[in-house]
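*Asks:* Structure file entry.cif (mmCIF, C-alpha atoms) right here:
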```cif
data_upload
loop_
_atom_site.label_atom_id
_atom_site.label_comp_id
_atom_site.auth_asym_id
_atom_site.auth_seq_id
_atom_site.Cartn_x
_atom_site.Cartn_y
_atom_site.Cartn_z
CA MET W 1 35.88 1.63 -34.79
CA ALA W 2 37.73 -0.84 -32.57
CA LEU W 3 35.50 -2.31 -29.89
CA VAL W 4 36.49 -2.12 -26.24
CA SER W 5 35.88 -4.98 -23.80
CA ALA W 6 32.41 -4.56 -22.34
CA LEU W 7 33.55 -6.14 -19.08
CA ALA W 8 36.43 -3.67 -18.73
CA THR W 9 34.23 -0.70 -19.61
CA TYR W 10 31.56 -1.77 -17.15
CA ALA W 11 34.14 -2.29 -14.39
CA THR W 12 35.36 1.31 -14.83
CA ILE W 13 31.83 2.72 -14.83
CA ASP W 14 30.86 0.60 -11.83
CA LYS W 15 33.69 2.14 -9.77
CA ILE W 16 32.48 5.64 -10.73
CA GLU W 17 28.88 4.77 -9.87
CA GLN W 18 29.91 3.28 -6.52
CA ARG W 19 31.71 6.50 -5.57
CA LYS W 20 28.67 8.49 -6.66
CA ALA W 21 26.34 6.22 -4.68
CA VAL W 22 28.38 6.67 -1.48
CA ALA W 23 28.46 10.46 -1.92
CA THR W 24 24.74 10.57 -2.68
CA ALA W 25 23.83 8.38 0.29
CA ASN W 26 25.67 10.78 2.59
CA ALA W 27 24.33 13.95 0.99
CA PRO W 28 21.96 16.03 3.14
CA TYR W 29 19.38 16.21 0.34
CA THR W 30 19.22 12.40 0.19
CA LYS W 31 18.48 12.18 3.90
CA ASP W 32 15.85 14.91 3.53
CA LEU W 33 14.25 12.98 0.67
CA GLU W 34 14.11 9.73 2.64
CA LYS W 35 12.53 11.55 5.54
CA PHE W 36 9.99 13.09 3.16
CA LYS W 37 9.02 9.66 1.80
CA THR W 38 8.46 8.38 5.34
CA GLU W 39 6.58 11.33 6.78
CA VAL W 40 4.44 12.51 3.86
CA SER W 41 2.23 9.44 4.18
CA LYS W 42 1.29 10.54 7.71
CA LEU W 43 -0.29 13.81 6.57
CA LYS W 44 -4.08 13.87 6.92
CA VAL W 45 -5.07 17.35 5.70
CA GLN W 46 -3.33 20.16 3.81
CA SER W 47 -2.64 22.17 6.96
CA ASP W 48 -0.52 19.27 8.32
CA PHE W 49 1.98 19.90 5.51
CA PHE W 50 2.51 23.52 6.55
CA LYS W 51 2.92 22.52 10.21
CA ASN W 52 5.69 20.05 9.33
CA THR W 53 8.56 22.48 8.67
CA GLY W 54 10.94 19.64 7.81
CA LEU W 55 8.78 18.40 4.93
CA LEU W 56 7.97 21.92 3.81
CA SER W 57 11.64 22.91 3.84
CA THR W 58 12.62 19.92 1.68
CA VAL W 59 9.99 20.76 -0.92
CA LEU W 60 10.87 24.46 -0.96
CA LYS W 61 14.58 23.65 -1.40
CA ALA W 62 13.79 21.57 -4.47
CA TYR W 63 12.11 24.59 -6.06
CA GLY W 64 14.65 27.16 -4.86
CA LEU W 65 12.14 28.74 -2.49
CA GLU W 66 13.66 27.84 0.88
CA ALA W 67 14.19 31.50 1.81
CA ASP W 68 10.40 31.96 1.98
CA ILE W 69 9.80 29.38 4.72
CA SER W 70 9.50 32.12 7.34
CA ASN W 71 6.16 33.24 5.87
CA ILE W 72 4.02 30.13 6.35
CA LYS W 73 0.75 32.05 6.04
CA ARG W 74 1.71 33.39 2.61
CA LEU W 75 2.93 29.99 1.43
CA LYS W 76 -0.35 28.40 2.42
CA GLU W 77 -2.37 31.09 0.60
CA ILE W 78 -0.41 30.52 -2.59
CA LEU W 79 -0.12 26.74 -2.61
CA THR W 80 -3.71 25.97 -1.64
CA SER W 81 -5.30 28.40 -4.09
CA LYS W 82 -7.19 27.20 -7.15
CA LEU W 83 -4.97 26.77 -10.21
CA SER W 84 -7.82 27.08 -12.70
CA ASP W 85 -8.98 30.42 -11.31
CA PRO W 86 -7.08 33.27 -13.03
CA LYS W 87 -7.82 35.51 -10.04
CA SER W 88 -6.48 33.08 -7.41
CA VAL W 89 -3.40 33.97 -5.37
CA VAL W 90 -1.08 31.55 -7.17
CA ASN W 91 -1.93 33.17 -10.50
CA GLN W 92 -1.14 36.64 -9.17
CA VAL W 93 2.36 35.75 -7.96
CA ARG W 94 5.11 36.81 -10.37
CA ASP W 95 7.59 34.12 -9.31
CA ALA W 96 7.04 31.23 -11.75
CA ARG W 97 8.58 28.77 -9.29
CA TYR W 98 5.46 29.03 -7.14
CA ARG W 99 3.26 28.18 -10.09
CA GLU W 100 5.43 25.15 -10.89
CA LEU W 101 5.27 23.91 -7.32
CA ALA W 102 1.52 24.55 -7.07
CA GLU W 103 0.93 22.57 -10.27
CA ASP W 104 3.08 19.69 -9.06
CA ILE W 105 1.30 19.26 -5.71
CA ASP W 106 -2.11 20.95 -6.35
CA LEU W 107 -3.02 21.17 -2.67
CA TYR W 108 -6.33 22.81 -3.55
CA LYS W 109 -7.54 19.30 -4.48
CA GLY W 110 -6.04 17.57 -1.47
CA LEU W 111 -2.85 15.64 -0.70
CA SER W 112 -2.93 12.95 -3.40
CA LYS W 113 -0.40 14.61 -5.72
CA LEU W 114 1.95 15.52 -2.88
CA LYS W 115 1.94 11.87 -1.75
CA SER W 116 2.27 10.39 -5.23
CA ALA W 117 5.28 8.50 -6.58
CA VAL W 118 5.33 10.94 -9.49
CA PHE W 119 5.93 13.88 -7.17
CA VAL W 120 8.59 11.99 -5.19
CA GLN W 121 10.44 11.43 -8.48
CA LYS W 122 10.14 15.13 -9.38
CA LEU W 123 11.39 16.08 -5.93
CA GLU W 124 14.37 13.75 -6.23
CA ASP W 125 15.24 15.05 -9.69
CA ARG W 126 15.09 18.66 -8.56
CA LEU W 127 17.14 18.11 -5.40
CA GLU W 128 19.78 16.19 -7.33
CA ARG W 129 20.02 18.92 -9.96
CA ARG W 130 20.53 21.55 -7.26
CA TYR W 131 22.85 19.75 -4.88
CA ALA W 132 24.57 16.78 -6.56
CA ASP W 133 28.30 17.12 -7.21
CA PRO W 134 28.82 17.27 -11.01
CA ARG W 135 32.41 16.07 -10.53
CA LEU W 136 31.04 12.63 -9.70
CA GLU W 137 29.53 12.21 -13.17
CA PRO W 138 31.47 10.20 -15.79
CA LYS W 139 33.51 12.45 -18.10
CA GLN W 140 31.62 11.17 -21.15
CA LYS W 141 28.29 12.26 -19.67
CA THR W 142 29.63 15.66 -18.63
CA ALA W 143 30.89 16.13 -22.17
CA ILE W 144 27.38 15.47 -23.51
CA LEU W 145 25.80 17.96 -21.09
CA ASN W 146 28.29 20.61 -22.25
CA ASN W 147 27.98 19.72 -25.92
CA ALA W 148 26.70 22.61 -28.09
CA VAL W 149 24.38 20.32 -30.09
CA PHE W 150 22.86 18.89 -26.90
CA LYS W 151 22.28 22.36 -25.46
CA LYS W 152 20.67 23.49 -28.70
CA ASP W 153 18.40 20.43 -28.74
CA ILE W 154 17.20 21.27 -25.22
CA GLU W 155 16.55 24.93 -26.07
CA THR W 156 14.74 23.90 -29.26
CA PHE W 157 12.58 21.51 -27.25
CA LYS W 158 11.65 24.25 -24.77
CA SER W 159 10.78 26.80 -27.45
CA ARG W 160 8.72 24.34 -29.51
CA ALA W 161 6.95 22.83 -26.50
CA ALA W 162 5.90 26.30 -25.34
CA ASN W 163 3.93 26.74 -28.56
CA ILE W 164 2.10 23.40 -28.41
CA ASP W 165 -1.57 23.72 -27.44
CA SER W 166 -2.85 20.20 -28.09
CA VAL W 167 -1.73 16.59 -28.26
CA ASP W 168 -2.39 16.59 -32.00
CA GLU W 169 0.06 19.48 -32.45
CA LEU W 170 2.76 17.55 -30.61
CA PHE W 171 2.39 14.55 -32.89
CA LYS W 172 2.52 16.78 -35.98
CA ASP W 173 5.83 18.31 -34.85
CA TYR W 174 8.28 15.62 -35.95
CA LYS W 175 11.41 17.18 -34.41
CA LEU W 176 9.77 17.86 -31.06
CA LEU W 177 8.24 14.39 -30.86
CA LYS W 178 11.54 12.75 -31.84
CA THR W 179 13.39 14.56 -29.06
CA VAL W 180 10.80 13.48 -26.50
CA LEU W 181 10.94 9.86 -27.67
CA GLU W 182 14.74 9.83 -27.84
CA ALA W 183 14.98 10.89 -24.20
CA TYR W 184 13.05 7.75 -23.27
CA ASP W 185 14.92 5.60 -25.81
CA LEU W 186 11.79 5.30 -27.96
CA ASP W 187 12.84 7.29 -31.03
CA SER W 188 12.93 4.10 -33.10
CA GLU W 189 9.12 4.17 -32.71
CA ILE W 190 8.77 7.57 -34.41
CA ASN W 191 7.19 6.02 -37.52
CA LYS W 192 4.49 4.42 -35.37
CA ALA W 193 3.13 7.79 -34.25
CA GLY W 194 -0.48 6.61 -34.26
CA PHE W 195 0.25 3.73 -31.91
CA VAL W 196 2.54 5.86 -29.73
CA LYS W 197 -0.22 8.47 -29.41
CA LYS W 198 -2.77 5.85 -28.31
CA VAL W 199 -0.35 4.54 -25.69
CA LEU W 200 0.71 7.90 -24.28
CA THR W 201 -2.78 9.37 -24.12
CA SER W 202 -4.17 6.41 -22.17
CA ASN W 203 -4.41 6.90 -18.43
CA PRO W 204 -1.73 5.06 -16.38
CA ALA W 205 -4.11 5.06 -13.42
CA ASP W 206 -6.42 2.70 -15.34
CA LYS W 207 -5.03 -0.84 -15.03
CA ASN W 208 -6.72 -1.78 -18.31
CA ALA W 209 -5.30 1.21 -20.22
CA LEU W 210 -3.13 0.51 -23.25
CA VAL W 211 -0.05 1.97 -21.54
CA ASN W 212 -0.37 -0.70 -18.84
CA ARG W 213 -0.71 -3.50 -21.39
CA VAL W 214 2.36 -2.67 -23.46
CA ASN W 215 5.27 -4.89 -22.56
CA ASP W 216 7.75 -2.03 -22.35
CA ASN W 217 8.23 0.10 -19.23
CA ARG W 218 9.71 2.96 -21.23
CA TYR W 219 6.22 3.84 -22.45
CA ARG W 220 4.87 3.89 -18.92
CA ASP W 221 7.74 6.07 -17.69
CA LEU W 222 7.10 8.59 -20.45
CA ALA W 223 3.32 8.50 -19.99
CA LEU W 224 3.67 9.24 -16.27
CA ASP W 225 6.19 12.03 -16.79
CA ILE W 226 4.48 13.83 -19.66
CA GLY W 227 0.83 13.27 -18.64
CA LEU W 228 -0.69 13.51 -22.13
CA PHE W 229 -3.83 11.75 -20.91
CA ASN W 230 -4.50 15.09 -19.23
CA GLY W 231 -3.51 17.38 -22.12
CA VAL W 232 -0.18 19.09 -22.88
CA LYS W 233 0.28 20.96 -19.61
CA GLY W 234 2.91 18.45 -18.50
CA LEU W 235 4.81 18.73 -21.78
CA LYS W 236 5.10 22.51 -21.31
CA SER W 237 6.17 22.37 -17.64
CA SER W 238 9.68 23.10 -16.41
CA ALA W 239 9.55 19.85 -14.42
CA PHE W 240 9.21 17.83 -17.63
CA ALA W 241 11.88 19.93 -19.37
CA ASN W 242 14.30 19.11 -16.54
CA ARG W 243 13.36 15.44 -16.64
CA LEU W 244 13.79 15.31 -20.41
CA GLU W 245 17.21 16.99 -20.24
CA SER W 246 18.41 14.46 -17.67
CA ARG W 247 17.07 11.45 -19.55
CA LEU W 248 18.28 12.65 -22.96
CA ALA W 249 21.80 13.09 -21.61
CA GLN W 250 21.69 9.61 -20.07
CA THR W 251 20.37 8.03 -23.28
CA ARG W 252 23.08 9.62 -25.43
CA TYR W 253 25.74 8.73 -22.87
CA GLU W 254 24.67 5.08 -22.80
CA ARG W 255 24.42 4.86 -26.59
CA GLY W 256 27.95 6.23 -26.91
CA LEU W 257 29.21 3.60 -24.51
CA ASP W 258 27.39 0.84 -26.38
CA GLU W 259 28.95 1.83 -29.70
CA GLU W 260 32.39 1.10 -28.25
CA SER W 261 31.40 -1.70 -25.88
CA PRO W 262 28.19 -3.47 -26.96
CA GLY W 263 26.19 -4.76 -24.01
CA VAL W 264 27.25 -2.08 -21.51
CA ARG W 265 24.07 -0.09 -22.00
CA ALA W 266 21.83 -3.03 -21.11
CA ALA W 267 24.09 -3.77 -18.16
CA LEU W 268 23.64 -0.22 -16.84
CA ARG W 269 19.88 -0.50 -17.24
CA PHE W 270 19.88 -3.68 -15.18
CA ARG W 271 22.22 -2.14 -12.58
CA SER W 272 19.87 0.81 -12.12
CA ALA W 273 16.72 -1.32 -11.97
CA ALA W 274 18.01 -4.19 -9.82
CA PRO W 275 17.24 -2.66 -6.37
CA ARG W 276 13.60 -2.19 -7.42
CA ILE W 277 13.11 -5.69 -8.86
CA THR W 278 11.05 -7.79 -6.48
CA SER W 279 9.62 -10.52 -8.71
CA PRO W 280 10.20 -12.24 -12.06
CA TYR W 281 7.32 -10.21 -13.50
CA ASP W 282 9.39 -7.02 -13.10
CA ILE W 283 11.93 -8.58 -15.44
CA LEU W 284 9.45 -10.07 -17.87
CA SER W 285 7.76 -6.67 -18.29
CA ASP W 286 10.99 -5.08 -19.54
CA PRO W 287 12.59 -6.52 -22.72
CA VAL W 288 16.07 -5.21 -21.85
CA LEU W 289 16.08 -6.62 -18.31
CA ARG W 290 14.67 -9.89 -19.62
CA ASP W 291 17.46 -10.23 -22.20
CA VAL W 292 20.15 -9.53 -19.60
CA VAL W 293 18.81 -12.23 -17.30
CA LEU W 294 18.25 -14.78 -20.05
CA ASP W 295 21.77 -14.33 -21.40
CA ALA W 296 23.28 -14.41 -17.90
CA THR W 297 21.43 -17.58 -16.86
CA GLY W 298 21.63 -19.39 -20.19
CA LEU W 299 17.86 -19.57 -20.61
CA PRO W 300 16.80 -19.44 -24.28
CA LEU W 301 14.65 -16.60 -25.61
CA THR W 302 12.17 -19.22 -26.77
CA ILE W 303 10.82 -19.44 -23.21
CA VAL W 304 8.69 -16.40 -24.08
CA ARG W 305 6.46 -18.80 -26.02
CA GLN W 306 5.48 -20.37 -22.70
CA PRO W 307 2.73 -19.05 -20.38
CA VAL W 308 4.00 -16.12 -18.34
CA GLU W 309 3.61 -18.13 -15.12
CA SER W 310 5.97 -20.77 -16.51
CA GLN W 311 8.48 -18.09 -17.49
CA ALA W 312 8.29 -16.67 -13.97
CA ARG W 313 8.99 -20.06 -12.39
CA LEU W 314 12.02 -20.55 -14.63
CA LEU W 315 13.45 -17.19 -13.61
CA GLU W 316 12.84 -17.94 -9.94
CA SER W 317 14.84 -21.14 -10.33
CA LYS W 318 17.80 -19.13 -11.64
CA ILE W 319 17.67 -15.82 -9.75
CA ASN W 320 17.47 -15.07 -6.03
CA PHE W 321 15.14 -12.07 -6.14
CA SER W 322 15.60 -11.30 -2.44
CA LYS W 323 19.32 -10.59 -3.11
CA LEU W 324 18.98 -8.20 -6.05
CA LYS W 325 19.25 -5.18 -3.74
CA ASP W 326 22.79 -6.39 -3.00
CA ALA W 327 25.04 -4.64 -5.55
CA SER W 328 27.58 -7.48 -5.55
CA TYR W 329 24.88 -10.06 -6.40
CA ALA W 330 23.45 -7.84 -9.18
CA ASN W 331 26.98 -7.36 -10.52
CA SER W 332 27.54 -11.11 -10.66
CA ILE W 333 24.55 -11.38 -13.01
CA ILE W 334 25.76 -8.42 -15.08
CA LYS W 335 29.24 -9.89 -15.47
CA ARG W 336 27.84 -13.22 -16.67
CA PHE W 337 25.67 -11.31 -19.16
CA LEU W 338 28.62 -9.28 -20.49
CA ALA W 339 30.87 -12.34 -20.72
CA HIS W 340 28.16 -14.05 -22.75
CA ALA W 341 27.71 -10.94 -24.92
CA GLU W 342 31.45 -10.85 -25.71
CA THR W 343 31.63 -14.52 -26.70
CA GLU W 344 28.29 -14.54 -28.55
CA PRO W 345 27.58 -10.93 -29.57
CA ASN W 346 24.47 -11.86 -31.56
CA ALA W 347 22.94 -14.05 -28.87
CA SER W 348 20.58 -11.43 -27.46
CA GLY W 349 17.04 -11.54 -28.85
CA ARG W 350 16.19 -7.85 -28.63
CA ASN W 351 14.88 -7.78 -32.16
CA ASP W 352 13.47 -11.27 -32.30
CA PRO W 353 10.07 -11.21 -34.03
CA ILE W 354 8.60 -13.82 -31.69
CA VAL W 355 8.68 -11.33 -28.82
CA SER W 356 5.25 -9.76 -28.43
CA LEU W 357 4.93 -6.11 -27.55
CA PHE W 358 2.11 -6.92 -25.18
CA VAL W 359 2.04 -8.89 -21.95
#
```
Reformat the file's structure so that it appears as structure tokens.

*Replies:*
Amino acid sequence: MALVSALATYATIDKIEQRKAVATANAPYTKDLEKFKTEVSKLKVQSDFFKNTGLLSTVLKAYGLEADISNIKRLKEILTSKLSDPKSVVNQVRDARYRELAEDIDLYKGLSKLKSAVFVQKLEDRLERRYADPRLEPKQKTAILNNAVFKKDIETFKSRAANIDSVDELFKDYKLLKTVLEAYDLDSEINKAGFVKKVLTSNPADKNALVNRVNDNRYRDLALDIGLFNGVKGLKSSAFANRLESRLAQTRYERGLDEESPGVRAALRFRSAAPRITSPYDILSDPVLRDVVLDATGLPLTIVRQPVESQARLLESKINFSKLKDASYANSIIKRFLAHAETEPNASGRNDPIVSLFV
């Protein structure tokens, strides 16, 4: 297969993503989401949520329940009832969307889940799935979403996940586990199932947990989304199925691009992450982001042998972290990385044995 210039491929994708970003920024659901993020922190008790019709409307839209906003009393009865009680109101409602929403916010126990970053991500995913314009997606990604094999993989995941009753069962189901790991770009770890299990069943809320000590943010993303530290309820949820479908499509799309234009996949990862990078430690905790920056700045991979504080100072001398939210500045780094990748395709140290898996 003839390789295509990574710089040219990235330039084309960047134009598509810029158009999508403009459309998304102006979309009503985006404005609703930003308002939710600002106002949800002000809620003091559960009843405040039901008094704020703007917040309530945004959440109901994400779950396709906006038509029910006129019956606040009924909504409150359902969403504040006890999930573990088979006789509670939420467990008597036939509409499964209510159960999904109740599980995601669990107002019976307070406001912590509603205010969490995990729920904000679920809300964003759901709103985007309902209201985003599919015509703004790259043709290659749309082709994957419509691919018969991809659709079958998603249906197989759903049917197998529905029959899983324990974490042990998940790790014994090779095909199911491989699909989950592939969505998070971790399928190369499938033969390390014992280690993967220890990581994913540790609690992300515990700063000393294994998942927080592994030098790879993909594990943390998966651990937060699937929630295996709390059993397999998350695995079986529609929220996780939707998240997996989105991530699996993105992973396969990026891998396809990288086969034709090596380096583009890492560039897209950096492009996506750049607005959220605030310090050199955000880069050092992600092997892909680290390799992009090292290649772009000319720093050798051997700096990882130095104390992490020394590595951080070196990155700060090369990167203006306050400007990474600026797309043009992030793109300047990406273009230097891709130019380096084209002239020295084997320069990246992604598989270098000196790189430790742990911080």

*Asks:* Which residues are close to Gly54 of chain W, i.e. within 9 Å by all atoms listed in the file, leaving aside same-chain residues fewer than 5 positions away? Reply as a list in words.

*Replies:* Asp32, Lys35, Phe36 and Val59 of chain W

*Asks:* With C-alpha atoms kept, could you save the residues just selected as a PDB file, keeping the file's coordinate frame?

*Replies:*
```pdb
ATOM      1  CA  ASP W  32      15.850  14.910   3.530  1.00  0.00           C
ATOM      2  CA  LYS W  35      12.530  11.550   5.540  1.00  0.00           C
ATOM      3  CA  PHE W  36       9.990  13.090   3.160  1.00  0.00           C
ATOM      4  CA  VAL W  59       9.990  20.760  -0.920  1.00  0.00           C
TER       5      VAL W  59
END
```

*Asks:* Taking the file as I've supplied it (selection: the PyMOL selection byres ((chain W and resi 127) around 9)), which residues are included? Please answer as a PyMOL selection string.

*Replies:* chain W and resi 29-30+33+58-59+61-63+122-126+128-132

*Asks:* For the PyMOL selection byres ((chain W and resi 286) around 12), applied here, can you spell out every residue it catches as a compact mmCIF listing (two decimals) with C-alpha atoms, in the coordinates of the input?

*Replies:*
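The resulting file, out_36.txt, is reproduced below:
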```txt
# COMPACT_ATOMS: atom_id res chain seq x y z
CA ARG W 213 -0.71 -3.50 -21.39
CA VAL W 214 2.36 -2.67 -23.46
CA ASN W 215 5.27 -4.89 -22.56
CA ASP W 216 7.75 -2.03 -22.35
CA ASN W 217 8.23 0.10 -19.23
CA ARG W 218 9.71 2.96 -21.23
CA TYR W 219 6.22 3.84 -22.45
CA ARG W 220 4.87 3.89 -18.92
CA ASP W 221 7.74 6.07 -17.69
CA ALA W 266 21.83 -3.03 -21.11
CA ARG W 269 19.88 -0.50 -17.24
CA PHE W 270 19.88 -3.68 -15.18
CA ALA W 273 16.72 -1.32 -11.97
CA ILE W 277 13.11 -5.69 -8.86
CA PRO W 280 10.20 -12.24 -12.06
CA TYR W 281 7.32 -10.21 -13.50
CA ASP W 282 9.39 -7.02 -13.10
CA ILE W 283 11.93 -8.58 -15.44
CA LEU W 284 9.45 -10.07 -17.87
CA SER W 285 7.76 -6.67 -18.29
CA PRO W 287 12.59 -6.52 -22.72
CA VAL W 288 16.07 -5.21 -21.85
CA LEU W 289 16.08 -6.62 -18.31
CA ARG W 290 14.67 -9.89 -19.62
CA ASP W 291 17.46 -10.23 -22.20
CA VAL W 292 20.15 -9.53 -19.60
CA VAL W 293 18.81 -12.23 -17.30
CA ARG W 350 16.19 -7.85 -28.63
CA VAL W 355 8.68 -11.33 -28.82
CA SER W 356 5.25 -9.76 -28.43
CA LEU W 357 4.93 -6.11 -27.55
CA PHE W 358 2.11 -6.92 -25.18
CA VAL W 359 2.04 -8.89 -21.95
```

*Asks:* Please compute the atom CA of Asn146 of chain W-atom CA of Ala249 of chain W distance, one decimal, in Å.

*Replies:* 10.0 Å

*Asks:* Mind pulling up the distance from atom CA of Asp225 of chain W to atom CA of Tyr98 of chain W?

*Replies:*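 Computing the Euclidean distance for atom CA of Tyr98 of chain W and atom CA of Asp225 of chain W yields 19.6 Å.
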
*Asks:* Taking all atoms listed in the file into account, which of W:Thr302, W:Asn163, W:Asn242, W:Ser279 comes nearest Gln121 of chain W?

*Replies:*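 Ranking W:Thr302, W:Asn163, W:Asn242, W:Ser279 by distance to Gln121 of chain W, first place goes to W:Asn242.
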
*Asks:* Name all residues at most 8 Å from Val4 of chain W (count all atoms listed in the file; drop same-chain ones fewer than 5 positions away) and give them as a compact mmCIF listing (two decimals) with C-alpha atoms, in the frame of the given file.

*Replies:*
```txt
# COMPACT_ATOMS: atom_id res chain seq x y z
CA THR W 9 34.23 -0.70 -19.61
CA GLU W 260 32.39 1.10 -28.25
CA SER W 261 31.40 -1.70 -25.88
```

*Asks:* Can you translate the PyMOL selection byres ((chain W and resi 157) around 10) into the concrete residues it hits in this file, as a list in words?

*Replies:*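 That expression, the PyMOL selection byres ((chain W and resi 157) around 10), corresponds here to Lys151, Lys152, Asp153, Ile154, Glu155, Thr156, Lys158, Ser159, Arg160, Ala161, Ala162, Lys175, Leu176, Leu177, Lys178, Thr179, Val180, Leu235, Lys236, Ala241, Leu244 and Glu245 of chain W.
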
*Asks:* Determine, counting only C-alpha atoms, which protein, DNA and RNA residues have an atom within 12 Å of an atom of Lys76 of chain W; residues of the same chain fewer than 3 positions away are not included. Present the result as a ChimeraX atom specification.

*Replies:* /W:46-51,56,68-73,79-82,89-90,98,102,106-108

*Asks:* So what do you get for atom CA of Ala296 of chain W versus atom CA of Ser188 of chain W, distance-wise?

*Replies:* 26.1 Å

*Asks:* Filtering to C-alpha atoms, could segment 158-192 of chain W of the supplied structure be written out as a tab-separated table (two decimals), in the first residue's frame?

*Replies:*
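Below is the file that was written, decode_20.tsv:
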```tsv
chain	number	residue	atom	x	y	z
W	158	LYS	CA	-24.66	-5.87	23.58
W	159	SER	CA	-25.95	-9.46	23.56
W	160	ARG	CA	-22.87	-10.86	25.31
W	161	ALA	CA	-22.66	-8.05	27.87
W	162	ALA	CA	-26.31	-8.61	28.81
W	163	ASN	CA	-25.43	-12.15	29.93
W	164	ILE	CA	-22.42	-11.19	32.06
W	165	ASP	CA	-23.08	-11.37	35.80
W	166	SER	CA	-19.59	-10.93	37.24
W	167	VAL	CA	-16.21	-9.41	36.46
W	168	ASP	CA	-14.73	-12.90	36.23
W	169	GLU	CA	-17.21	-13.79	33.48
W	170	LEU	CA	-16.18	-10.73	31.48
W	171	PHE	CA	-12.52	-11.71	31.60
W	172	LYS	CA	-13.35	-15.27	30.54
W	173	ASP	CA	-15.21	-14.02	27.45
W	174	TYR	CA	-12.31	-13.35	25.08
W	175	LYS	CA	-14.36	-11.79	22.26
W	176	LEU	CA	-16.31	-9.49	24.56
W	177	LEU	CA	-13.19	-8.36	26.42
W	178	LYS	CA	-11.31	-7.78	23.16
W	179	THR	CA	-14.08	-5.53	21.84
W	180	VAL	CA	-14.09	-3.50	25.05
W	181	LEU	CA	-10.30	-3.12	24.99
W	182	GLU	CA	-10.22	-2.30	21.27
W	183	ALA	CA	-12.63	0.60	21.79
W	184	TYR	CA	-10.11	2.13	24.18
W	185	ASP	CA	-7.13	1.17	21.98
W	186	LEU	CA	-6.00	-1.41	24.54
W	187	ASP	CA	-6.62	-4.63	22.62
W	188	SER	CA	-2.87	-5.23	22.36
W	189	GLU	CA	-3.08	-5.87	26.13
W	190	ILE	CA	-5.53	-8.78	25.75
W	191	ASN	CA	-2.87	-11.34	26.70
W	192	LYS	CA	-2.24	-9.49	29.97
```
